[in-house]
Structures are given as C-alpha cells and as structure tokens.
file upload_2.cif (mmCIF, C-alpha atoms)
data_protein
loop_
_atom_site.label_atom_id
_atom_site.label_comp_id
_atom_site.auth_asym_id
_atom_site.auth_seq_id
_atom_site.Cartn_x
_atom_site.Cartn_y
_atom_site.Cartn_z
CA MET A 1 -26.65 8.93 2.80
CA GLN A 2 -26.13 11.45 5.57
CA PRO A 3 -22.60 11.93 6.90
CA PRO A 4 -21.92 10.37 10.29
CA SER A 5 -23.07 12.53 13.15
CA GLU A 6 -20.61 14.98 14.62
CA THR A 7 -21.91 14.10 18.07
CA GLY A 8 -21.31 10.95 20.06
CA SER A 9 -18.22 9.16 21.21
CA PRO A 10 -15.19 8.85 18.93
CA ALA A 11 -15.85 5.11 18.70
CA SER A 12 -19.43 5.62 17.56
CA ARG A 13 -18.33 8.30 15.09
CA ARG A 14 -15.70 5.94 13.66
CA GLU A 15 -18.27 3.17 13.42
CA GLY A 16 -20.56 5.51 11.50
CA ILE A 17 -17.77 6.43 9.08
CA VAL A 18 -16.88 2.77 8.52
CA GLU A 19 -20.51 1.89 7.86
CA GLN A 20 -20.89 4.79 5.44
CA ILE A 21 -17.81 3.71 3.45
CA ARG A 22 -19.03 0.09 3.44
CA ALA A 23 -22.44 1.21 2.13
CA GLU A 24 -20.90 3.43 -0.57
CA THR A 25 -18.21 1.01 -1.77
CA GLY A 26 -19.23 -2.50 -0.73
CA ILE A 27 -15.82 -2.97 0.89
CA ASP A 28 -15.70 -5.36 3.84
CA GLU A 29 -13.02 -7.46 5.54
CA PRO A 30 -13.50 -10.53 3.29
CA MET A 31 -13.00 -8.32 0.21
CA ILE A 32 -9.90 -6.77 1.78
CA ALA A 33 -8.52 -10.25 2.51
CA ARG A 34 -9.14 -11.39 -1.09
CA LEU A 35 -7.45 -8.26 -2.45
CA VAL A 36 -4.45 -8.45 -0.13
CA ASP A 37 -3.90 -12.17 -0.72
CA ALA A 38 -4.26 -11.93 -4.51
CA PHE A 39 -2.03 -8.86 -4.70
CA TYR A 40 0.77 -10.38 -2.65
CA ASP A 41 0.61 -13.59 -4.68
CA ARG A 42 1.36 -11.45 -7.72
CA ALA A 43 3.96 -9.25 -6.01
CA ARG A 44 5.87 -12.27 -4.71
CA ALA A 45 6.06 -13.73 -8.23
CA ASP A 46 7.00 -10.42 -9.87
CA PRO A 47 10.60 -10.20 -11.15
CA LEU A 48 11.05 -6.64 -9.83
CA LEU A 49 9.13 -6.76 -6.55
CA GLY A 50 9.47 -10.43 -5.61
CA PRO A 51 13.17 -10.27 -4.64
CA VAL A 52 12.58 -7.25 -2.37
CA PHE A 53 9.94 -9.20 -0.45
CA ALA A 54 11.87 -12.49 -0.51
CA GLU A 55 14.87 -10.92 1.22
CA ARG A 56 12.75 -9.61 4.08
CA ILE A 57 9.74 -11.84 4.66
CA ALA A 58 10.10 -15.50 5.56
CA ASP A 59 6.74 -16.08 7.24
CA TRP A 60 3.98 -14.61 5.11
CA GLY A 61 1.10 -15.34 7.50
CA PRO A 62 1.81 -12.48 9.94
CA HIS A 63 2.70 -10.09 7.12
CA LEU A 64 -0.56 -10.76 5.28
CA GLU A 65 -2.54 -10.30 8.49
CA GLN A 66 -0.84 -6.95 9.09
CA MET A 67 -1.60 -5.92 5.50
CA ARG A 68 -5.27 -6.84 5.94
CA LEU A 69 -5.42 -4.66 9.06
CA PHE A 70 -3.54 -1.88 7.24
CA TRP A 71 -5.95 -1.90 4.31
CA SER A 72 -8.95 -2.03 6.65
CA SER A 73 -7.65 1.14 8.28
CA VAL A 74 -6.84 2.78 4.95
CA ALA A 75 -9.95 1.80 3.00
CA LEU A 76 -12.57 1.75 5.75
CA MET A 77 -10.92 4.09 8.28
CA SER A 78 -11.47 1.30 10.82
CA GLY A 79 -8.44 2.17 12.95
CA VAL A 80 -7.44 -1.47 13.43
CA TYR A 81 -3.86 -1.03 12.17
CA HIS A 82 -1.42 0.51 14.61
CA GLY A 83 1.90 0.14 12.81
CA ARG A 84 4.26 2.68 11.32
CA PRO A 85 4.81 1.85 7.63
CA MET A 86 7.34 4.58 6.80
CA PRO A 87 10.22 3.36 9.03
CA LYS A 88 9.74 -0.17 7.66
CA HIS A 89 10.04 1.05 4.07
CA LEU A 90 12.93 3.52 4.44
CA PRO A 91 15.74 0.92 4.25
CA LEU A 92 14.26 -0.86 1.22
CA PRO A 93 16.24 -0.67 -2.04
CA VAL A 94 13.28 0.73 -3.98
CA ASP A 95 12.52 3.76 -6.10
CA ALA A 96 9.93 5.08 -8.57
CA ARG A 97 10.21 1.97 -10.74
CA HIS A 98 9.20 -0.24 -7.81
CA PHE A 99 6.30 2.01 -6.83
CA ASP A 100 5.07 2.13 -10.43
CA ARG A 101 5.13 -1.65 -10.64
CA TRP A 102 3.49 -1.97 -7.21
CA LEU A 103 0.69 0.31 -8.36
CA GLU A 104 0.34 -1.50 -11.68
CA LEU A 105 -0.08 -4.85 -9.92
CA PHE A 106 -2.29 -3.43 -7.18
CA GLU A 107 -4.63 -1.65 -9.60
CA ALA A 108 -4.94 -4.73 -11.83
CA THR A 109 -5.65 -6.92 -8.82
CA ALA A 110 -8.22 -4.49 -7.41
CA ALA A 111 -9.96 -4.32 -10.80
CA GLU A 112 -10.19 -8.12 -10.90
CA VAL A 113 -11.11 -8.78 -7.26
CA CYS A 114 -13.39 -5.84 -6.46
CA PRO A 115 -16.44 -4.17 -7.94
CA PRO A 116 -15.55 -0.94 -9.82
CA VAL A 117 -16.50 1.46 -7.01
CA ALA A 118 -14.42 -0.48 -4.47
CA ALA A 119 -11.50 -0.85 -6.90
CA ALA A 120 -11.48 2.92 -7.47
CA HIS A 121 -11.58 3.53 -3.71
CA PHE A 122 -8.61 1.20 -3.10
CA THR A 123 -6.67 2.54 -6.08
CA GLU A 124 -7.00 6.17 -5.07
CA ARG A 125 -5.62 5.36 -1.64
CA ALA A 126 -2.85 3.15 -3.04
CA ARG A 127 -1.66 6.03 -5.21
CA ARG A 128 -1.43 8.31 -2.18
CA ILE A 129 0.44 5.67 -0.21
CA ALA A 130 2.93 5.07 -3.03
CA GLU A 131 3.56 8.79 -3.42
CA SER A 132 4.05 9.26 0.31
CA LEU A 133 6.44 6.33 0.64
CA GLU A 134 8.44 7.39 -2.42
CA LEU A 135 8.77 10.93 -1.04
CA GLY A 136 9.82 9.57 2.36
CA ILE A 137 12.41 7.20 0.93
CA ALA A 138 13.83 9.94 -1.31
CA GLY A 139 14.01 12.37 1.62
CA ALA A 140 15.71 9.79 3.83
CA GLY A 141 18.28 9.38 1.06
CA GLY A 142 18.91 13.14 1.01
CA VAL A 143 16.91 13.77 -2.17
CA LEU A 144 14.22 16.44 -2.02
CA LEU A 145 11.67 15.99 -4.76
CA ARG A 146 9.71 18.83 -6.27
CA LYS A 147 6.05 18.34 -7.12
CA GLY A 148 5.85 15.84 -9.95
CA GLU A 149 9.47 14.67 -9.65
CA ARG A 150 10.21 10.99 -9.14
CA TYR A 151 12.90 9.28 -7.13
CA LEU A 152 15.31 7.08 -9.08
CA ARG A 153 18.22 5.51 -7.29
CA PRO A 154 21.52 5.92 -9.10
CA THR A 155 22.46 2.79 -10.98
CA GLN A 156 25.75 1.37 -9.94
CA ALA A 157 28.00 0.22 -12.71
CA TRP A 158 29.38 -3.24 -12.12
CA SER A 159 33.10 -3.69 -12.23
CA PRO A 160 35.01 -6.93 -11.79
CA PRO A 161 36.49 -7.56 -8.34
CA GLY A 162 39.98 -6.15 -7.88
CA THR A 163 39.62 -3.38 -10.45
#
call {"tool": "encode", "arguments": {"input": "upload_2.cif", "output": "structure tokens"}}
result
Amino acid sequence: MQPPSETGSPASRREGIVEQIRAETGIDEPMIARLVDAFYDRARADPLLGPVFAERIADWGPHLEQMRLFWSSVALMSGVYHGRPMPKHLPLPVDARHFDRWLELFEATAAEVCPPVAAAHFTERARRIAESLELGIAGAGGVLLRKGERYLRPTQAWSPPGT
C-alpha cells in the first residue's frame, strides 16, 4: 500500500493515515472498545492495579469512553483524543511494578481480543506509553532515570502509632 499523499489538507492526510493503519492492522473502533473494556475489567480486578483505580474512578462510563478515544488516537492516529495523560498520572502512587503489571495485563488482553498484527501494534504503543509515564512520574518525584533504569518508589516501613 502506498503511503498517504503528502499533498492535501491535514484532515485528508490524517484520514489517509488512519485508513492505511486500519488496512494494515484490522484495527477499528469496535476492536478498540473490546480491548479497552476487557483490559479495564482485568485491571479493576487486579490486586495491584485495582486499588489505584478504585480510589480515583467512581463512574467508569466516562473513563472508558476517554480510554477508547485515547487508544483510537494512539493506535489509529485518529486525533480524537484531546486530553493530557501525563498530569493525570503524576500524582498516582505507582512505579515500575505497576507499569510491568499494566503491560502484562494489556498484552495478554490484546493477544486474546485482537488478531496478532493488531495485538502487536497495540502492544508496541503500550510499551512506549508505559515507559514515558514511568519516566515522567520518576522525574516529577525528583528521580532522573538513565536509559534502562526503572523507577521504584521507596518502601515505607510500618511502625505502630506513637512510636
């Protein structure tokens, strides 16, 4: 398939890119919705990730819709998501362990819900997102990571009240 033309309006160029990705991967909005819904069902039930979500999301309908738009923009380059994910993730009490588990669940879900080419497309992007968010959260916490380093929050030893 030929790459989208370099001429034409930005909207028509974007449409061409979206159509090319759809043709190459089979990804469409119904597949994105199935992936997002199945993944968040798993994440909400997960002992590590579930509590992080439970403390912050009461109404899942709007969150899932935003995630469908996000993944449409990420996977198809559709441009339908206009949020800013980094500021929303900076205050979360997460580190490399959470991102590893997120990726584990996401990759397993993508492999089950999507054809192999689409699953690989989603997974490659999910890995970039996880790395970017982990780097951002570490940096916001004053930790500069070198290439290949991971961010682990210090564990706080519990001590009885009044000690």
call {"tool": "residues_around", "arguments": {"input": "upload_2.cif", "residues": "range 112-127 of chain A", "least_positions_apart": "2", "cutoff": "12 Å", "atoms": "only C-alpha atoms", "output": "ChimeraX atom specification"}}
result
/A:21-28,30-39,70-77,99-110,129-134
call {"tool": "write_last_selection", "arguments": {"input": "upload_2.cif", "atoms": "C-alpha atoms", "output": "PDB file, in the coordinates of the input"}}
result
ATOM      1  CA  ILE A  21     -17.810   3.710   3.450  1.00  0.00           C
ATOM      2  CA  ARG A  22     -19.030   0.090   3.440  1.00  0.00           C
ATOM      3  CA  ALA A  23     -22.440   1.210   2.130  1.00  0.00           C
ATOM      4  CA  GLU A  24     -20.900   3.430  -0.570  1.00  0.00           C
ATOM      5  CA  THR A  25     -18.210   1.010  -1.770  1.00  0.00           C
ATOM      6  CA  GLY A  26     -19.230  -2.500  -0.730  1.00  0.00           C
ATOM      7  CA  ILE A  27     -15.820  -2.970   0.890  1.00  0.00           C
ATOM      8  CA  ASP A  28     -15.700  -5.360   3.840  1.00  0.00           C
ATOM      9  CA  PRO A  30     -13.500 -10.530   3.290  1.00  0.00           C
ATOM     10  CA  MET A  31     -13.000  -8.320   0.210  1.00  0.00           C
ATOM     11  CA  ILE A  32      -9.900  -6.770   1.780  1.00  0.00           C
ATOM     12  CA  ALA A  33      -8.520 -10.250   2.510  1.00  0.00           C
ATOM     13  CA  ARG A  34      -9.140 -11.390  -1.090  1.00  0.00           C
ATOM     14  CA  LEU A  35      -7.450  -8.260  -2.450  1.00  0.00           C
ATOM     15  CA  VAL A  36      -4.450  -8.450  -0.130  1.00  0.00           C
ATOM     16  CA  ASP A  37      -3.900 -12.170  -0.720  1.00  0.00           C
ATOM     17  CA  ALA A  38      -4.260 -11.930  -4.510  1.00  0.00           C
ATOM     18  CA  PHE A  39      -2.030  -8.860  -4.700  1.00  0.00           C
ATOM     19  CA  PHE A  70      -3.540  -1.880   7.240  1.00  0.00           C
ATOM     20  CA  TRP A  71      -5.950  -1.900   4.310  1.00  0.00           C
ATOM     21  CA  SER A  72      -8.950  -2.030   6.650  1.00  0.00           C
ATOM     22  CA  SER A  73      -7.650   1.140   8.280  1.00  0.00           C
ATOM     23  CA  VAL A  74      -6.840   2.780   4.950  1.00  0.00           C
ATOM     24  CA  ALA A  75      -9.950   1.800   3.000  1.00  0.00           C
ATOM     25  CA  LEU A  76     -12.570   1.750   5.750  1.00  0.00           C
ATOM     26  CA  MET A  77     -10.920   4.090   8.280  1.00  0.00           C
ATOM     27  CA  PHE A  99       6.300   2.010  -6.830  1.00  0.00           C
ATOM     28  CA  ASP A 100       5.070   2.130 -10.430  1.00  0.00           C
ATOM     29  CA  ARG A 101       5.130  -1.650 -10.640  1.00  0.00           C
ATOM     30  CA  TRP A 102       3.490  -1.970  -7.210  1.00  0.00           C
ATOM     31  CA  LEU A 103       0.690   0.310  -8.360  1.00  0.00           C
ATOM     32  CA  GLU A 104       0.340  -1.500 -11.680  1.00  0.00           C
ATOM     33  CA  LEU A 105      -0.080  -4.850  -9.920  1.00  0.00           C
ATOM     34  CA  PHE A 106      -2.290  -3.430  -7.180  1.00  0.00           C
ATOM     35  CA  GLU A 107      -4.630  -1.650  -9.600  1.00  0.00           C
ATOM     36  CA  ALA A 108      -4.940  -4.730 -11.830  1.00  0.00           C
ATOM     37  CA  THR A 109      -5.650  -6.920  -8.820  1.00  0.00           C
ATOM     38  CA  ALA A 110      -8.220  -4.490  -7.410  1.00  0.00           C
ATOM     39  CA  ILE A 129       0.440   5.670  -0.210  1.00  0.00           C
ATOM     40  CA  ALA A 130       2.930   5.070  -3.030  1.00  0.00           C
ATOM     41  CA  GLU A 131       3.560   8.790  -3.420  1.00  0.00           C
ATOM     42  CA  SER A 132       4.050   9.260   0.310  1.00  0.00           C
ATOM     43  CA  LEU A 133       6.440   6.330   0.640  1.00  0.00           C
ATOM     44  CA  GLU A 134       8.440   7.390  -2.420  1.00  0.00           C
TER      45      GLU A 134
END
call {"tool": "residues_around", "arguments": {"input": "upload_2.cif", "residues": "Leu90 in chain A", "least_positions_apart": "4", "cutoff": "9 Å", "atoms": "all atoms listed in the file", "output": "VMD selection string"}}
result
chain A and resid 85 to 86 94 133 136 to 138 140 to 141
call {"tool": "write_last_selection", "arguments": {"input": "upload_2.cif", "atoms": "C-alpha atoms", "output": "PDB file, in the coordinates of the input"}}
result
ATOM      1  CA  PRO A  85       4.810   1.850   7.630  1.00  0.00           C
ATOM      2  CA  MET A  86       7.340   4.580   6.800  1.00  0.00           C
ATOM      3  CA  VAL A  94      13.280   0.730  -3.980  1.00  0.00           C
ATOM      4  CA  LEU A 133       6.440   6.330   0.640  1.00  0.00           C
ATOM      5  CA  GLY A 136       9.820   9.570   2.360  1.00  0.00           C
ATOM      6  CA  ILE A 137      12.410   7.200   0.930  1.00  0.00           C
ATOM      7  CA  ALA A 138      13.830   9.940  -1.310  1.00  0.00           C
ATOM      8  CA  ALA A 140      15.710   9.790   3.830  1.00  0.00           C
ATOM      9  CA  GLY A 141      18.280   9.380   1.060  1.00  0.00           C
TER      10      GLY A 141
END
call {"tool": "atom_distance", "arguments": {"input": "upload_2.cif", "atom1": "CA of Pro51 in chain A", "atom2": "CA of Gly142 in chain A"}}
result
24.8 Å
call {"tool": "closest_residue", "arguments": {"input": "upload_2.cif", "among": "A:Arg128, A:Lys88, A:Ser78, A:Val52", "to": "Gln20 in chain A", "atoms": "all atoms listed in the file"}}
result
A:Ser78
call {"tool": "axis_aligned_box", "arguments": {"input": "upload_2.cif", "around": "range 59-78 of chain A", "padding_each_side": "4 Å", "output": "AutoDock Vina command-line options"}}
result
--center_x -2.9 --center_y -6.0 --center_z 6.9 --size_x 27.3 --size_y 28.2 --size_z 15.8
call {"tool": "closest_residue", "arguments": {"input": "upload_2.cif", "among": "A:Arg150, A:Val80, A:Glu19, A:Thr155", "to": "Arg97 in chain A", "atoms": "all atoms listed in the file"}}
result
A:Arg150
call {"tool": "build_atoms", "arguments": {"input": "upload_2.cif", "residues": "range 131-151 of chain A", "atoms": "N, CA, C and O atoms", "output": "mmCIF file, in the coordinates of the input"}}
result
data_model
loop_
_atom_site.group_PDB
_atom_site.id
_atom_site.type_symbol
_atom_site.label_atom_id
_atom_site.label_comp_id
_atom_site.auth_asym_id
_atom_site.auth_seq_id
_atom_site.Cartn_x
_atom_site.Cartn_y
_atom_site.Cartn_z
ATOM 1 N N GLU A 131 2.931 7.474 -3.340
ATOM 2 C CA GLU A 131 3.560 8.790 -3.420
ATOM 3 C C GLU A 131 4.217 9.173 -2.099
ATOM 4 O O GLU A 131 5.354 9.647 -2.065
ATOM 5 N N SER A 132 3.516 8.928 -1.004
ATOM 6 C CA SER A 132 4.050 9.260 0.310
ATOM 7 C C SER A 132 5.308 8.461 0.627
ATOM 8 O O SER A 132 6.312 9.022 1.102
ATOM 9 N N LEU A 133 5.271 7.162 0.368
ATOM 10 C CA LEU A 133 6.440 6.330 0.640
ATOM 11 C C LEU A 133 7.620 6.714 -0.248
ATOM 12 O O LEU A 133 8.767 6.780 0.216
ATOM 13 N N GLU A 134 7.348 6.984 -1.523
ATOM 14 C CA GLU A 134 8.440 7.390 -2.420
ATOM 15 C C GLU A 134 9.068 8.701 -1.949
ATOM 16 O O GLU A 134 10.297 8.832 -1.916
ATOM 17 N N LEU A 135 8.245 9.667 -1.554
ATOM 18 C CA LEU A 135 8.770 10.930 -1.040
ATOM 19 C C LEU A 135 9.590 10.709 0.232
ATOM 20 O O LEU A 135 10.655 11.306 0.409
ATOM 21 N N GLY A 136 9.101 9.856 1.121
ATOM 22 C CA GLY A 136 9.820 9.570 2.360
ATOM 23 C C GLY A 136 11.154 8.896 2.126
ATOM 24 O O GLY A 136 12.161 9.253 2.745
ATOM 25 N N ILE A 137 11.171 7.917 1.239
ATOM 26 C CA ILE A 137 12.410 7.200 0.930
ATOM 27 C C ILE A 137 13.407 8.138 0.261
ATOM 28 O O ILE A 137 14.600 8.132 0.590
ATOM 29 N N ALA A 138 12.936 8.973 -0.661
ATOM 30 C CA ALA A 138 13.830 9.940 -1.310
ATOM 31 C C ALA A 138 14.412 10.887 -0.263
ATOM 32 O O ALA A 138 15.636 11.112 -0.226
ATOM 33 N N GLY A 139 13.549 11.433 0.594
ATOM 34 C CA GLY A 139 14.010 12.370 1.620
ATOM 35 C C GLY A 139 15.014 11.741 2.565
ATOM 36 O O GLY A 139 16.011 12.363 2.934
ATOM 37 N N ALA A 140 14.774 10.491 2.936
ATOM 38 C CA ALA A 140 15.710 9.790 3.830
ATOM 39 C C ALA A 140 17.061 9.588 3.146
ATOM 40 O O ALA A 140 18.088 9.511 3.817
ATOM 41 N N GLY A 141 17.041 9.520 1.822
ATOM 42 C CA GLY A 141 18.280 9.380 1.060
ATOM 43 C C GLY A 141 18.897 10.724 0.698
ATOM 44 O O GLY A 141 19.839 10.788 -0.088
ATOM 45 N N GLY A 142 18.359 11.814 1.253
ATOM 46 C CA GLY A 142 18.910 13.140 1.010
ATOM 47 C C GLY A 142 18.452 13.778 -0.292
ATOM 48 O O GLY A 142 19.014 14.778 -0.727
ATOM 49 N N VAL A 143 17.415 13.231 -0.906
ATOM 50 C CA VAL A 143 16.910 13.770 -2.170
ATOM 51 C C VAL A 143 15.559 14.433 -1.901
ATOM 52 O O VAL A 143 14.627 13.777 -1.441
ATOM 53 N N LEU A 144 15.472 15.718 -2.169
ATOM 54 C CA LEU A 144 14.220 16.440 -2.020
ATOM 55 C C LEU A 144 13.559 16.538 -3.388
ATOM 56 O O LEU A 144 14.139 17.097 -4.318
ATOM 57 N N LEU A 145 12.385 15.994 -3.486
ATOM 58 C CA LEU A 145 11.670 15.990 -4.760
ATOM 59 C C LEU A 145 10.726 17.175 -4.847
ATOM 60 O O LEU A 145 10.026 17.480 -3.889
ATOM 61 N N ARG A 146 10.710 17.798 -6.009
ATOM 62 C CA ARG A 146 9.710 18.830 -6.270
ATOM 63 C C ARG A 146 8.427 18.139 -6.719
ATOM 64 O O ARG A 146 8.441 16.983 -7.110
ATOM 65 N N LYS A 147 7.329 18.884 -6.695
ATOM 66 C CA LYS A 147 6.050 18.340 -7.120
ATOM 67 C C LYS A 147 6.206 17.756 -8.533
ATOM 68 O O LYS A 147 6.721 18.393 -9.434
ATOM 69 N N GLY A 148 5.787 16.509 -8.661
ATOM 70 C CA GLY A 148 5.850 15.840 -9.950
ATOM 71 C C GLY A 148 7.157 15.112 -10.230
ATOM 72 O O GLY A 148 7.236 14.331 -11.173
ATOM 73 N N GLU A 149 8.208 15.369 -9.450
ATOM 74 C CA GLU A 149 9.470 14.670 -9.650
ATOM 75 C C GLU A 149 9.381 13.264 -9.062
ATOM 76 O O GLU A 149 8.625 13.028 -8.118
ATOM 77 N N ARG A 150 10.177 12.368 -9.601
ATOM 78 C CA ARG A 150 10.210 10.990 -9.140
ATOM 79 C C ARG A 150 11.594 10.666 -8.616
ATOM 80 O O ARG A 150 12.588 11.248 -9.035
ATOM 81 N N TYR A 151 11.644 9.688 -7.737
ATOM 82 C CA TYR A 151 12.900 9.280 -7.130
ATOM 83 C C TYR A 151 13.442 8.052 -7.853
ATOM 84 O O TYR A 151 12.797 6.997 -7.879
#
